[in-house]
>>> print(open('work_18.pdb').read())   # PDB, C-alpha atoms and all ligand atoms
ATOM      1  CA  MET A   1     -23.065 -15.335  -8.515
ATOM      2  CA  ASN A   2     -20.746 -15.709 -11.479
ATOM      3  CA  LEU A   3     -17.698 -17.675 -10.449
ATOM      4  CA  PRO A   4     -14.808 -18.619 -12.719
ATOM      5  CA  ASP A   5     -15.105 -22.187 -13.978
ATOM      6  CA  GLY A   6     -11.444 -22.360 -14.870
ATOM      7  CA  LEU A   7      -8.084 -21.403 -13.482
ATOM      8  CA  THR A   8      -5.726 -18.870 -15.043
ATOM      9  CA  PRO A   9      -2.110 -19.938 -15.523
ATOM     10  CA  VAL A  10       0.268 -17.561 -13.754
ATOM     11  CA  ALA A  11       3.567 -19.416 -14.140
ATOM     12  CA  ASP A  12       4.867 -22.980 -14.285
ATOM     13  CA  GLY A  13       2.830 -24.974 -11.749
ATOM     14  CA  LEU A  14       0.899 -21.916 -10.521
ATOM     15  CA  HIS A  15      -2.759 -21.361 -11.396
ATOM     16  CA  LEU A  16      -5.012 -18.608 -10.116
ATOM     17  CA  TRP A  17      -8.668 -18.867  -9.162
ATOM     18  CA  SER A  18      -9.729 -15.244  -9.243
ATOM     19  CA  PRO A  19     -13.418 -14.620  -8.571
ATOM     20  CA  GLY A  20     -13.065 -10.923  -9.483
ATOM     21  CA  HIS A  21     -16.108  -8.816  -8.467
ATOM     22  CA  ALA A  22     -14.573  -5.405  -7.823
ATOM     23  CA  GLY A  23     -16.693  -3.177  -5.626
ATOM     24  CA  THR A  24     -17.755  -5.776  -3.118
ATOM     25  CA  TRP A  25     -16.288  -7.734  -0.227
ATOM     26  CA  GLY A  26     -15.284 -11.369   0.135
ATOM     27  CA  PHE A  27     -14.111 -12.521  -3.316
ATOM     28  CA  ALA A  28     -10.510 -13.447  -2.555
ATOM     29  CA  ASN A  29      -7.910 -14.866  -4.917
ATOM     30  CA  CYS A  30      -6.672 -18.422  -4.364
ATOM     31  CA  LEU A  31      -3.505 -19.821  -5.932
ATOM     32  CA  LEU A  32      -3.174 -23.500  -6.767
ATOM     33  CA  VAL A  33       0.363 -24.896  -6.733
ATOM     34  CA  THR A  34       0.919 -28.225  -8.502
ATOM     35  CA  SER A  35       3.996 -30.317  -9.188
ATOM     36  CA  GLY A  36       4.291 -34.048  -9.759
ATOM     37  CA  GLU A  37       1.617 -35.645  -7.601
ATOM     38  CA  GLN A  38       1.608 -32.794  -5.105
ATOM     39  CA  ALA A  39      -0.855 -29.928  -4.827
ATOM     40  CA  ALA A  40      -1.135 -27.023  -2.418
ATOM     41  CA  LEU A  41      -3.486 -24.071  -2.203
ATOM     42  CA  VAL A  42      -2.750 -20.536  -1.020
ATOM     43  CA  ASP A  43      -5.974 -19.361   0.685
ATOM     44  CA  THR A  44      -9.425 -20.906   0.480
ATOM     45  CA  PRO A  45     -12.722 -19.200  -0.537
ATOM     46  CA  TYR A  46     -15.337 -17.709   1.765
ATOM     47  CA  ASP A  47     -17.918 -20.500   1.757
ATOM     48  CA  ARG A  48     -18.557 -24.077   0.668
ATOM     49  CA  PRO A  49     -20.286 -23.389  -2.704
ATOM     50  CA  MET A  50     -17.348 -21.199  -3.751
ATOM     51  CA  THR A  51     -14.814 -23.745  -2.562
ATOM     52  CA  GLU A  52     -16.621 -26.498  -4.466
ATOM     53  CA  ALA A  53     -16.510 -24.289  -7.577
ATOM     54  CA  LEU A  54     -12.762 -23.878  -7.088
ATOM     55  CA  ILE A  55     -12.259 -27.622  -6.641
ATOM     56  CA  ALA A  56     -14.210 -28.309  -9.856
ATOM     57  CA  ALA A  57     -12.217 -25.652 -11.717
ATOM     58  CA  ALA A  58      -8.952 -27.133 -10.429
ATOM     59  CA  ARG A  59      -9.686 -30.690 -11.550
ATOM     60  CA  PRO A  60      -8.314 -30.379 -15.119
ATOM     61  CA  VAL A  61      -5.129 -28.782 -13.789
ATOM     62  CA  LEU A  62      -4.387 -31.327 -11.079
ATOM     63  CA  PRO A  63      -1.680 -33.734 -12.228
ATOM     64  CA  ALA A  64      -2.773 -37.281 -13.032
ATOM     65  CA  GLY A  65      -2.596 -39.329  -9.873
ATOM     66  CA  ALA A  66      -2.570 -36.256  -7.642
ATOM     67  CA  VAL A  67      -4.103 -36.910  -4.276
ATOM     68  CA  ALA A  68      -5.898 -33.541  -4.213
ATOM     69  CA  VAL A  69      -4.797 -30.632  -2.096
ATOM     70  CA  ARG A  70      -2.886 -31.767   0.975
ATOM     71  CA  THR A  71      -1.371 -28.427   1.993
ATOM     72  CA  ILE A  72      -3.120 -25.112   2.539
ATOM     73  CA  VAL A  73      -1.401 -21.826   3.264
ATOM     74  CA  ASN A  74      -3.534 -19.102   4.854
ATOM     75  CA  THR A  75      -1.961 -15.690   4.129
ATOM     76  CA  HIS A  76      -3.959 -14.454   7.151
ATOM     77  CA  VAL A  77      -7.059 -15.602   8.979
ATOM     78  CA  ASN A  78      -9.880 -13.344   7.713
ATOM     79  CA  GLY A  79     -12.807 -15.622   6.836
ATOM     80  CA  ASP A  80     -12.695 -14.788   3.117
ATOM     81  CA  HIS A  81      -9.301 -16.538   2.990
ATOM     82  CA  THR A  82      -9.982 -19.408   5.402
ATOM     83  CA  PHE A  83     -13.638 -20.455   5.635
ATOM     84  CA  GLY A  84     -13.068 -22.981   2.820
ATOM     85  CA  ASN A  85     -10.379 -24.770   4.875
ATOM     86  CA  GLY A  86     -12.937 -27.322   6.075
ATOM     87  CA  CYS A  87     -13.468 -28.566   2.499
ATOM     88  CA  PHE A  88      -9.978 -30.139   2.578
ATOM     89  CA  PRO A  89     -10.181 -32.643   5.429
ATOM     90  CA  GLY A  90      -6.832 -33.842   6.702
ATOM     91  CA  ALA A  91      -4.855 -31.103   4.954
ATOM     92  CA  GLU A  92      -1.976 -29.407   6.707
ATOM     93  CA  ILE A  93      -2.949 -25.745   7.220
ATOM     94  CA  ILE A  94      -0.006 -23.356   7.536
ATOM     95  CA  ALA A  95      -0.225 -19.811   8.901
ATOM     96  CA  THR A  96       1.838 -17.558  11.118
ATOM     97  CA  LYS A  97       1.809 -18.031  14.879
ATOM     98  CA  ALA A  98       0.498 -14.449  15.201
ATOM     99  CA  SER A  99      -2.452 -15.311  12.918
ATOM    100  CA  ALA A 100      -3.294 -18.358  15.020
ATOM    101  CA  GLU A 101      -3.091 -16.317  18.215
ATOM    102  CA  HIS A 102      -5.419 -13.635  16.867
ATOM    103  CA  LEU A 103      -7.996 -15.934  15.305
ATOM    104  CA  CYS A 104     -10.335 -14.962  18.143
ATOM    105  CA  ARG A 105     -10.592 -11.411  16.691
ATOM    106  CA  GLU A 106     -12.263 -12.736  13.565
ATOM    107  CA  PRO A 107     -16.040 -12.801  13.208
ATOM    108  CA  SER A 108     -17.081 -16.471  13.204
ATOM    109  CA  PRO A 109     -19.293 -17.944  10.446
ATOM    110  CA  GLN A 110     -22.149 -17.914  12.976
ATOM    111  CA  GLN A 111     -21.632 -14.200  13.648
ATOM    112  CA  MET A 112     -21.527 -13.502   9.905
ATOM    113  CA  HIS A 113     -24.778 -15.433   9.453
ATOM    114  CA  PHE A 114     -26.348 -13.374  12.231
ATOM    115  CA  LEU A 115     -25.078 -10.098  10.736
ATOM    116  CA  THR A 116     -26.437 -10.895   7.282
ATOM    117  CA  HIS A 117     -29.792 -12.378   8.334
ATOM    118  CA  GLN A 118     -30.814 -11.259  11.806
ATOM    119  CA  THR A 119     -29.799  -7.616  12.050
ATOM    120  CA  PRO A 120     -32.362  -4.918  11.081
ATOM    121  CA  ALA A 121     -32.167  -4.559   7.271
ATOM    122  CA  ASP A 122     -33.225  -0.909   7.427
ATOM    123  CA  GLN A 123     -30.268   0.087   9.625
ATOM    124  CA  PRO A 124     -26.821   0.915   8.175
ATOM    125  CA  LEU A 125     -24.944  -2.187   9.396
ATOM    126  CA  GLY A 126     -27.771  -4.618   8.555
ATOM    127  CA  TRP A 127     -28.200  -3.042   5.121
ATOM    128  CA  TYR A 128     -24.451  -3.054   4.425
ATOM    129  CA  ALA A 129     -23.967  -6.629   5.645
ATOM    130  CA  ARG A 130     -26.762  -7.832   3.335
ATOM    131  CA  GLU A 131     -25.405  -5.836   0.379
ATOM    132  CA  HIS A 132     -21.862  -7.167   0.649
ATOM    133  CA  PHE A 133     -22.041 -10.460   2.562
ATOM    134  CA  GLY A 134     -25.615 -11.664   1.994
ATOM    135  CA  ARG A 135     -24.621 -13.768  -1.039
ATOM    136  CA  TYR A 136     -22.424 -16.110   1.017
ATOM    137  CA  THR A 137     -23.524 -19.260   2.804
ATOM    138  CA  TYR A 138     -22.180 -19.200   6.348
ATOM    139  CA  GLU A 139     -24.394 -21.993   7.626
ATOM    140  CA  GLY A 140     -22.460 -25.221   7.935
ATOM    141  CA  VAL A 141     -19.088 -23.481   7.737
ATOM    142  CA  GLU A 142     -16.705 -24.541  10.433
ATOM    143  CA  SER A 143     -13.730 -22.302  11.156
ATOM    144  CA  VAL A 144     -10.729 -24.639  10.850
ATOM    145  CA  PRO A 145      -7.596 -23.222  12.511
ATOM    146  CA  PRO A 146      -4.009 -23.674  11.288
ATOM    147  CA  THR A 147      -2.269 -26.962  12.091
ATOM    148  CA  THR A 148       1.290 -25.674  11.482
ATOM    149  CA  THR A 149       2.445 -22.243  12.603
ATOM    150  CA  PHE A 150       5.715 -20.350  12.354
ATOM    151  CA  SER A 151       7.264 -16.950  12.955
ATOM    152  CA  GLY A 152       9.657 -15.258  10.537
ATOM    153  CA  ARG A 153      10.200 -17.533   7.560
ATOM    154  CA  HIS A 154       9.049 -21.021   6.597
ATOM    155  CA  ALA A 155      10.202 -23.114   3.627
ATOM    156  CA  LEU A 156       7.558 -24.985   1.645
ATOM    157  CA  ARG A 157       8.172 -27.524  -1.081
ATOM    158  CA  VAL A 158       5.404 -28.772  -3.383
ATOM    159  CA  GLY A 159       6.913 -31.459  -5.625
ATOM    160  CA  ASP A 160       9.709 -29.621  -7.440
ATOM    161  CA  ILE A 161       8.382 -26.161  -6.594
ATOM    162  CA  GLU A 162      10.090 -24.244  -3.833
ATOM    163  CA  ALA A 163       8.299 -21.502  -1.949
ATOM    164  CA  GLU A 164       9.165 -19.375   1.009
ATOM    165  CA  LEU A 165       6.520 -18.064   3.386
ATOM    166  CA  ILE A 166       7.614 -14.710   4.780
ATOM    167  CA  GLU A 167       5.888 -13.115   7.751
ATOM    168  CA  VAL A 168       5.199  -9.430   7.032
ATOM    169  CA  GLY A 169       2.582  -8.766   9.733
ATOM    170  CA  PRO A 170       1.310  -7.105  11.672
ATOM    171  CA  ALA A 171       0.084  -5.120   8.671
ATOM    172  CA  HIS A 172      -3.335  -5.872   7.124
ATOM    173  CA  SER A 173      -3.983  -8.219  10.047
ATOM    174  CA  ALA A 174      -2.009  -9.300  13.094
ATOM    175  CA  GLY A 175      -0.221 -12.123  11.297
ATOM    176  CA  ASP A 176       0.114 -11.622   7.525
ATOM    177  CA  LEU A 177       2.432 -13.724   5.417
ATOM    178  CA  ILE A 178       3.397 -13.517   1.757
ATOM    179  CA  VAL A 179       4.394 -16.476  -0.410
ATOM    180  CA  HIS A 180       7.455 -16.123  -2.615
ATOM    181  CA  PHE A 181       8.041 -18.504  -5.538
ATOM    182  CA  PRO A 182      11.630 -17.589  -6.511
ATOM    183  CA  GLN A 183      11.853 -19.953  -9.523
ATOM    184  CA  GLN A 184       8.690 -18.431 -11.022
ATOM    185  CA  GLY A 185       9.234 -14.785 -10.011
ATOM    186  CA  VAL A 186       5.808 -14.740  -8.367
ATOM    187  CA  VAL A 187       4.685 -13.397  -5.002
ATOM    188  CA  CYS A 188       1.300 -14.105  -3.473
ATOM    189  CA  ALA A 189       0.613 -11.047  -1.311
ATOM    190  CA  GLY A 190      -2.618 -11.870   0.516
ATOM    191  CA  ASP A 191      -4.421  -8.751   1.724
ATOM    192  CA  VAL A 192      -1.266  -6.669   1.949
ATOM    193  CA  LEU A 193      -2.379  -5.696  -1.580
ATOM    194  CA  PHE A 194      -5.765  -4.927  -3.126
ATOM    195  CA  ALA A 195      -6.319  -4.095  -6.808
ATOM    196  CA  ASP A 196      -9.251  -2.051  -8.220
ATOM    197  CA  ASP A 197     -10.843  -1.295  -4.824
ATOM    198  CA  HIS A 198      -9.712   0.790  -1.895
ATOM    199  CA  PRO A 199      -7.919  -1.588   0.467
ATOM    200  CA  VAL A 200      -9.056  -2.407   3.968
ATOM    201  CA  HIS A 201      -6.483  -2.884   6.717
ATOM    202  CA  TRP A 202      -7.569  -3.878  10.195
ATOM    203  CA  ASN A 203      -4.281  -3.817  12.059
ATOM    204  CA  GLY A 204      -2.100  -1.083  10.530
ATOM    205  CA  PRO A 205      -0.575   1.374  10.836
ATOM    206  CA  LEU A 206      -0.384   2.321   7.149
ATOM    207  CA  ALA A 207       3.428   2.472   7.351
ATOM    208  CA  ARG A 208       3.445  -1.276   8.141
ATOM    209  CA  ILE A 209       1.406  -2.047   5.009
ATOM    210  CA  ALA A 210       3.773   0.099   2.939
ATOM    211  CA  ALA A 211       6.753  -1.723   4.485
ATOM    212  CA  ALA A 212       5.184  -5.088   3.614
ATOM    213  CA  ALA A 213       4.649  -3.906   0.021
ATOM    214  CA  GLU A 214       8.301  -2.794  -0.088
ATOM    215  CA  THR A 215       9.326  -6.268   1.105
ATOM    216  CA  ILE A 216       7.432  -7.685  -1.898
ATOM    217  CA  LEU A 217       9.186  -5.279  -4.299
ATOM    218  CA  ALA A 218      12.580  -6.194  -2.824
ATOM    219  CA  LEU A 219      11.958  -9.794  -3.966
ATOM    220  CA  ASP A 220      11.945  -8.431  -7.528
ATOM    221  CA  PRO A 221       8.866 -10.363  -8.706
ATOM    222  CA  GLU A 222       7.451 -10.306 -12.223
ATOM    223  CA  VAL A 223       3.920 -11.135 -11.111
ATOM    224  CA  VAL A 224       2.250 -10.262  -7.832
ATOM    225  CA  VAL A 225      -1.071 -11.814  -6.838
ATOM    226  CA  PRO A 226      -3.039  -9.476  -4.562
ATOM    227  CA  GLY A 227      -5.584 -10.730  -2.035
ATOM    228  CA  HIS A 228      -8.363  -9.275  -4.169
ATOM    229  CA  GLY A 229      -8.536  -8.136  -7.796
ATOM    230  CA  PRO A 230      -6.450  -8.722 -10.927
ATOM    231  CA  VAL A 231      -2.767  -9.690 -10.838
ATOM    232  CA  MET A 232      -0.311  -6.827 -10.486
ATOM    233  CA  GLY A 233       3.155  -5.956 -11.750
ATOM    234  CA  PRO A 234       5.885  -4.167  -9.786
ATOM    235  CA  GLN A 235       4.723  -0.717 -10.964
ATOM    236  CA  ASP A 236       1.222  -1.410  -9.622
ATOM    237  CA  VAL A 237       2.780  -2.241  -6.257
ATOM    238  CA  ARG A 238       4.811   0.985  -6.312
ATOM    239  CA  ASP A 239       1.617   2.948  -7.106
ATOM    240  CA  TYR A 240      -0.086   1.229  -4.195
ATOM    241  CA  VAL A 241       2.714   2.321  -1.853
ATOM    242  CA  THR A 242       2.177   5.899  -3.118
ATOM    243  CA  TYR A 243      -1.536   5.579  -2.294
ATOM    244  CA  LEU A 244      -0.689   4.438   1.234
ATOM    245  CA  ARG A 245       1.827   7.252   1.798
ATOM    246  CA  GLU A 246      -0.589   9.914   0.475
ATOM    247  CA  LEU A 247      -3.386   8.624   2.679
ATOM    248  CA  GLU A 248      -1.058   8.466   5.682
ATOM    249  CA  ALA A 249      -0.057  12.132   5.175
ATOM    250  CA  LEU A 250      -3.716  13.216   4.932
ATOM    251  CA  VAL A 251      -4.791  11.266   8.012
ATOM    252  CA  HIS A 252      -1.841  12.484  10.074
ATOM    253  CA  ALA A 253      -2.533  16.105   9.079
ATOM    254  CA  HIS A 254      -6.171  15.815  10.190
ATOM    255  CA  HIS A 255      -5.086  14.186  13.441
ATOM    256  CA  ALA A 256      -2.543  16.936  14.108
ATOM    257  CA  ALA A 257      -5.271  19.527  13.471
ATOM    258  CA  GLY A 258      -7.428  17.887  16.147
ATOM    259  CA  ALA A 259     -10.164  16.614  13.804
ATOM    260  CA  PRO A 260     -12.059  13.535  15.041
ATOM    261  CA  ALA A 261     -11.449  10.363  12.956
ATOM    262  CA  GLY A 262     -14.938  10.336  11.423
ATOM    263  CA  GLU A 263     -14.586  13.945  10.297
ATOM    264  CA  ALA A 264     -11.104  13.283   8.890
ATOM    265  CA  ALA A 265     -12.377  10.339   6.843
ATOM    266  CA  ALA A 266     -15.410  12.308   5.588
ATOM    267  CA  ASP A 267     -13.088  15.149   4.515
ATOM    268  CA  ILE A 268     -10.700  12.815   2.696
ATOM    269  CA  LEU A 269     -13.614  11.150   0.925
ATOM    270  CA  ALA A 270     -15.171  14.500  -0.004
ATOM    271  CA  SER A 271     -11.857  15.526  -1.597
ATOM    272  CA  GLY A 272     -12.261  12.667  -4.113
ATOM    273  CA  PHE A 273      -9.203  10.723  -2.933
ATOM    274  CA  TYR A 274      -8.582   7.967  -5.548
ATOM    275  CA  ASP A 275     -12.290   8.066  -6.364
ATOM    276  CA  HIS A 276     -11.926   5.746  -9.365
ATOM    277  CA  LEU A 277     -11.497   2.857  -6.875
ATOM    278  CA  GLY A 278     -14.409   0.856  -5.462
ATOM    279  CA  LEU A 279     -15.525   0.676  -1.825
ATOM    280  CA  PRO A 280     -14.581   4.248  -0.818
ATOM    281  CA  GLU A 281     -16.148   3.704   2.626
ATOM    282  CA  ARG A 282     -13.071   1.649   3.516
ATOM    283  CA  ILE A 283     -11.308   5.011   3.999
ATOM    284  CA  VAL A 284     -13.398   5.297   7.173
ATOM    285  CA  ILE A 285     -11.844   2.069   8.499
ATOM    286  CA  LEU A 286      -8.308   2.958   7.379
ATOM    287  CA  THR A 287      -8.600   6.346   9.096
ATOM    288  CA  ALA A 288     -10.034   4.924  12.324
ATOM    289  CA  VAL A 289      -7.256   2.303  12.471
ATOM    290  CA  GLU A 290      -4.546   4.913  11.849
ATOM    291  CA  TYR A 291      -6.001   7.112  14.593
ATOM    292  CA  ARG A 292      -5.818   4.178  17.032
ATOM    293  CA  HIS A 293      -2.050   4.037  16.451
ATOM    294  CA  LEU A 294      -1.644   7.816  16.637
ATOM    295  CA  ASP A 295      -3.575   7.795  19.920
ATOM    296  CA  GLY A 296      -1.486   4.929  21.313
ATOM    297  CA  ASP A 297      -4.523   2.645  21.606
ATOM    298  CA  ASP A 298      -3.147  -0.914  21.514
ATOM    299  CA  SER A 299      -6.361  -2.730  22.445
ATOM    300  CA  ASP A 300      -7.602  -5.375  19.982
ATOM    301  CA  PRO A 301      -9.491  -3.740  17.091
ATOM    302  CA  ASP A 302     -13.195  -4.632  16.914
ATOM    303  CA  LEU A 303     -13.658  -5.589  13.261
ATOM    304  CA  VAL A 304     -17.460  -5.460  13.304
ATOM    305  CA  GLN A 305     -17.470  -2.065  14.998
ATOM    306  CA  LEU A 306     -15.023  -0.728  12.385
ATOM    307  CA  ALA A 307     -17.162  -2.145   9.579
ATOM    308  CA  ALA A 308     -20.221  -0.510  11.175
ATOM    309  CA  GLN A 309     -18.554   2.921  10.860
ATOM    310  CA  ALA A 310     -17.905   2.309   7.153
ATOM    311  CA  ALA A 311     -21.489   1.074   6.762
ATOM    312  CA  ASP A 312     -22.760   4.328   8.267
ATOM    313  CA  TRP A 313     -20.907   6.401   5.667
ATOM    314  CA  ALA A 314     -21.983   4.117   2.794
ATOM    315  CA  TYR A 315     -25.623   4.188   3.981
ATOM    316  CA  ARG A 316     -25.659   7.979   3.979
ATOM    317  CA  HIS A 317     -23.910   8.321   0.605
ATOM    318  CA  HIS A 318     -25.278   5.541  -1.565
ATOM    319  CA  GLY A 319     -27.678   3.542   0.542
ATOM    320  CA  PRO A 320     -31.399   3.987   1.115
ATOM    321  CA  GLY A 321     -30.471   6.846   3.480
ATOM    322  CA  SER A 322     -28.556   8.585   0.686
ATOM    323  CA  SER A 323     -29.009  12.293   0.222
ATOM    324  CA  ASP A 324     -26.533  12.460  -2.712
TER     325      ASP A 324
HETATM  326 ZN    ZN A 401      -9.521 -10.579   1.957
END
>>> encode(input="work_18.pdb", output="C-alpha cells", more="lines below")
Ligand SMILES: [Zn+2]
Amino acid sequence: MNLPDGLTPVADGLHLWSPGHAGTWGFANCLLVTSGEQAALVDTPYDRPMTEALIAAARPVLPAGAVAVRTIVNTHVNGDHTFGNGCFPGAEIIATKASAEHLCREPSPQQMHFLTHQTPADQPLGWYAREHFGRYTYEGVESVPPTTTFSGRHALRVGDIEAELIEVGPAHSAGDLIVHFPQQGVVCAGDVLFADDHPVHWNGPLARIAAAAETILALDPEVVVPGHGPVMGPQDVRDYVTYLRELEALVHAHHAAGAPAGEAAADILASGFYDHLGLPERIVILTAVEYRHLDGDDSDPDLVQLAAQAADWAYRHHGPGSSD
C-alpha cells in the first residue's frame, strides 16, 4: 500500500500523517505534536507496518534530542486509531473513561485476523472483510488500553504547546474526545468527522454527532483534522452537520412510516443520497444505529453484526453478487 513518507505541517508544532485512501476503511489520520524535547501523538495507525512508516516519516520532524513519543492520545478506541499503541512502549496513553470502559465492544486484532482470513471469502462478510481489511497485519498486534483516563475535560501540555482534550461522546463511539489546540486554531476531531467518504457512527444517535460537530465549530478553529480524509475548514464542518441533519430526517421519516431499517437504508441509498461520497454502504450502519435509538434499544451495539449488514448491501450492489 502507498503510505505517506513524510508529514504535512498543519500549524506550529503540529504535523499530520494522513494515509488518505478514500473509499476504504482503516486509514486514519494521526497528528504529531512536537515542542522542545517533547513529542505526543494523537491516534496511532491500524497495524505495525503502518506505525513503523509513521515513525520513519516523523523522524525528520522530531526535535533534536527528543526522546520520541512519550504521550499518546486516543480520540476513541476503534482499532484503526489504537492498534499502533504497542509500538510506543512506556508511553502514557490518554483516553476518556467511557472509551476505556467500552473497549470490550471493539473487535480484537485476533478477531480481525479471523474475519479477514478464516471466514468464507465467497460470502458477503468474508468478501467485504478481505476487500477493506485484508491489507492490514493483525498478527502480533496487542491491544494496549489507555493508562490515563478522564471525563469531561483534560489539559495536556507538550513542551510549550497547550491542548485541551474535550469529551464529546457518546457520539461516533461511546467515549469520543476531540483535541483543541487554542494557540494554533486547530481541532483534531477523531471520527466525529469524516471527509470524502460517508461517515460511520457506531454509537449515535445522529443528533449526538451533530452536537459534537457544533462543539468543534464553537471553538472557532481555522483547521479541523477529521478522523479520516483531508483536513477540513469550518464550512466543511457546517456542510457535514447538514448531511447529518438531512440523513436524520430521512431515517426518522422511514421509521415513522413503519419501514424496517434495512428497507429504509436501501431506499435512502437508491435515492442517491450524497452519492459522490465513498462507502455508501455505511448508510446501512447509520440507519440501523439510528433505529436502535428510536426503538429505545440501549443494549451494546454489535460492531461486527452492523458491519455484516453493510457488507450484505455492498455485496449485492458492487460485489461478486452484484446485479447492477
Ligand atoms: Zn476511524
>>> residues_around(input="work_18.pdb", residues="Tyr138 of chain A", least_positions_apart="6", cutoff="9 Å", atoms="all atoms listed in the file", output="list of chain:residue names")
A:Tyr46, A:Asp47, A:Arg48, A:Phe83, A:Ser108, A:Pro109, A:Gln110, A:Gln111, A:Met112, A:His113
>>> residues_near_ligand(input="work_18.pdb", ligand="ligand ZN 401 (chain A)", cutoff="10 Å", atoms="only C-alpha atoms and all ligand atoms", output="number ranges by chain")
A: 25-29, 43, 45-46, 75-82, 172, 190-194, 199-201, 226-228
>>> resolve_selection(input="work_18.pdb", expression="the PyMOL selection byres (((chain A and resi 125) around 9) and not hetatm)", output="list in words")
Leu115, Thr119, Pro120, Ala121, Asp122, Gln123, Pro124, Gly126, Trp127, Tyr128, Ala129, Arg130, Ala307, Ala308, Gln309, Ala310, Ala311, Asp312 and Tyr315 of chain A
>>> residues_near_point(input="work_18.pdb", point="(11.3, -23.4, 1.5)", cutoff="12 Å", atoms="all atoms listed in the file", output="list in words")
Arg153, His154, Ala155, Leu156, Arg157, Val158, Gly159, Asp160, Ile161, Glu162, Ala163, Glu164, Leu165, Ile166, Val179, His180, Phe181, Pro182 and Gln183 of chain A
>>> atom_distance(input="work_18.pdb", atom1="atom CA of Val304 of chain A", atom2="atom CA of Trp202 of chain A")
10.5 Å
>>> residues_around(input="work_18.pdb", residues="segment 265-278 of chain A", least_positions_apart="6", cutoff="9 Å", atoms="all atoms listed in the file", output="number ranges by chain")
A: 22-24, 195-198, 243, 247, 250-251, 254, 284-288, 313
>>> write_last_selection(input="work_18.pdb", atoms="C-alpha atoms", output="compact mmCIF listing (two decimals), in the coordinates of the input")
# COMPACT_ATOMS: atom_id res chain seq x y z
CA ALA A 22 -14.57 -5.40 -7.82
CA GLY A 23 -16.69 -3.18 -5.63
CA THR A 24 -17.76 -5.78 -3.12
CA ALA A 195 -6.32 -4.10 -6.81
CA ASP A 196 -9.25 -2.05 -8.22
CA ASP A 197 -10.84 -1.30 -4.82
CA HIS A 198 -9.71 0.79 -1.90
CA TYR A 243 -1.54 5.58 -2.29
CA LEU A 247 -3.39 8.62 2.68
CA LEU A 250 -3.72 13.22 4.93
CA VAL A 251 -4.79 11.27 8.01
CA HIS A 254 -6.17 15.82 10.19
CA VAL A 284 -13.40 5.30 7.17
CA ILE A 285 -11.84 2.07 8.50
CA LEU A 286 -8.31 2.96 7.38
CA THR A 287 -8.60 6.35 9.10
CA ALA A 288 -10.03 4.92 12.32
CA TRP A 313 -20.91 6.40 5.67
>>> resolve_selection(input="work_18.pdb", expression="the PyMOL selection byres (((chain A and resi 301) around 12) and not hetatm)", output="tab-separated table (two decimals) with C-alpha atoms, in the frame of the given file")
chain	number	residue	atom	x	y	z
A	102	HIS	CA	-5.42	-13.64	16.87
A	104	CYS	CA	-10.34	-14.96	18.14
A	105	ARG	CA	-10.59	-11.41	16.69
A	106	GLU	CA	-12.26	-12.74	13.56
A	107	PRO	CA	-16.04	-12.80	13.21
A	172	HIS	CA	-3.34	-5.87	7.12
A	173	SER	CA	-3.98	-8.22	10.05
A	174	ALA	CA	-2.01	-9.30	13.09
A	201	HIS	CA	-6.48	-2.88	6.72
A	202	TRP	CA	-7.57	-3.88	10.20
A	203	ASN	CA	-4.28	-3.82	12.06
A	204	GLY	CA	-2.10	-1.08	10.53
A	285	ILE	CA	-11.84	2.07	8.50
A	286	LEU	CA	-8.31	2.96	7.38
A	288	ALA	CA	-10.03	4.92	12.32
A	289	VAL	CA	-7.26	2.30	12.47
A	290	GLU	CA	-4.55	4.91	11.85
A	291	TYR	CA	-6.00	7.11	14.59
A	292	ARG	CA	-5.82	4.18	17.03
A	293	HIS	CA	-2.05	4.04	16.45
A	297	ASP	CA	-4.52	2.64	21.61
A	298	ASP	CA	-3.15	-0.91	21.51
A	299	SER	CA	-6.36	-2.73	22.44
A	300	ASP	CA	-7.60	-5.38	19.98
A	302	ASP	CA	-13.20	-4.63	16.91
A	303	LEU	CA	-13.66	-5.59	13.26
A	304	VAL	CA	-17.46	-5.46	13.30
A	305	GLN	CA	-17.47	-2.06	15.00
A	306	LEU	CA	-15.02	-0.73	12.38
A	307	ALA	CA	-17.16	-2.14	9.58
>>> resolve_selection(input="work_18.pdb", expression="the PyMOL selection byres (((chain A and resi 206) around 7) and not hetatm)", output="JSON, numbers by chain")
{"A": [204, 205, 207, 208, 209, 210, 244, 248, 290]}
>>> closest_residue(input="work_18.pdb", among="A:Leu32, A:Ala261, A:Val186, A:Ala213", to="Pro60 of chain A", atoms="all atoms listed in the file")
A:Leu32
>>> residues_around(input="work_18.pdb", residues="Leu14 of chain A", least_positions_apart="5", cutoff="7 Å", atoms="all atoms listed in the file", output="list of chain:residue names")
A:Pro9, A:Leu31, A:Leu32, A:Val33, A:Thr34
>>> write_last_selection(input="work_18.pdb", atoms="C-alpha atoms", output="PDB file, keeping the file's coordinate frame")
ATOM      1  CA  PRO A   9      -2.110 -19.938 -15.523  1.00  0.00           C
ATOM      2  CA  LEU A  31      -3.505 -19.821  -5.932  1.00  0.00           C
ATOM      3  CA  LEU A  32      -3.174 -23.500  -6.767  1.00  0.00           C
ATOM      4  CA  VAL A  33       0.363 -24.896  -6.733  1.00  0.00           C
ATOM      5  CA  THR A  34       0.919 -28.225  -8.502  1.00  0.00           C
TER       6      THR A  34
END
>>> atom_distance(input="work_18.pdb", atom1="atom CA of Pro89 of chain A", atom2="atom CA of His132 of chain A")
28.4 Å
>>> atom_distance(input="work_18.pdb", atom1="atom CA of Trp17 of chain A", atom2="atom CA of Ile55 of chain A")
9.8 Å
>>> closest_residue(input="work_18.pdb", among="A:Lys97, A:Arg245, A:His255, A:His15", to="Ala57 of chain A", atoms="all atoms listed in the file")
A:His15
>>> closest_residue(input="work_18.pdb", among="A:Thr116, A:Ser18, A:Asn74, A:Ser99", to="Leu3 of chain A", atoms="all atoms listed in the file")
A:Ser18
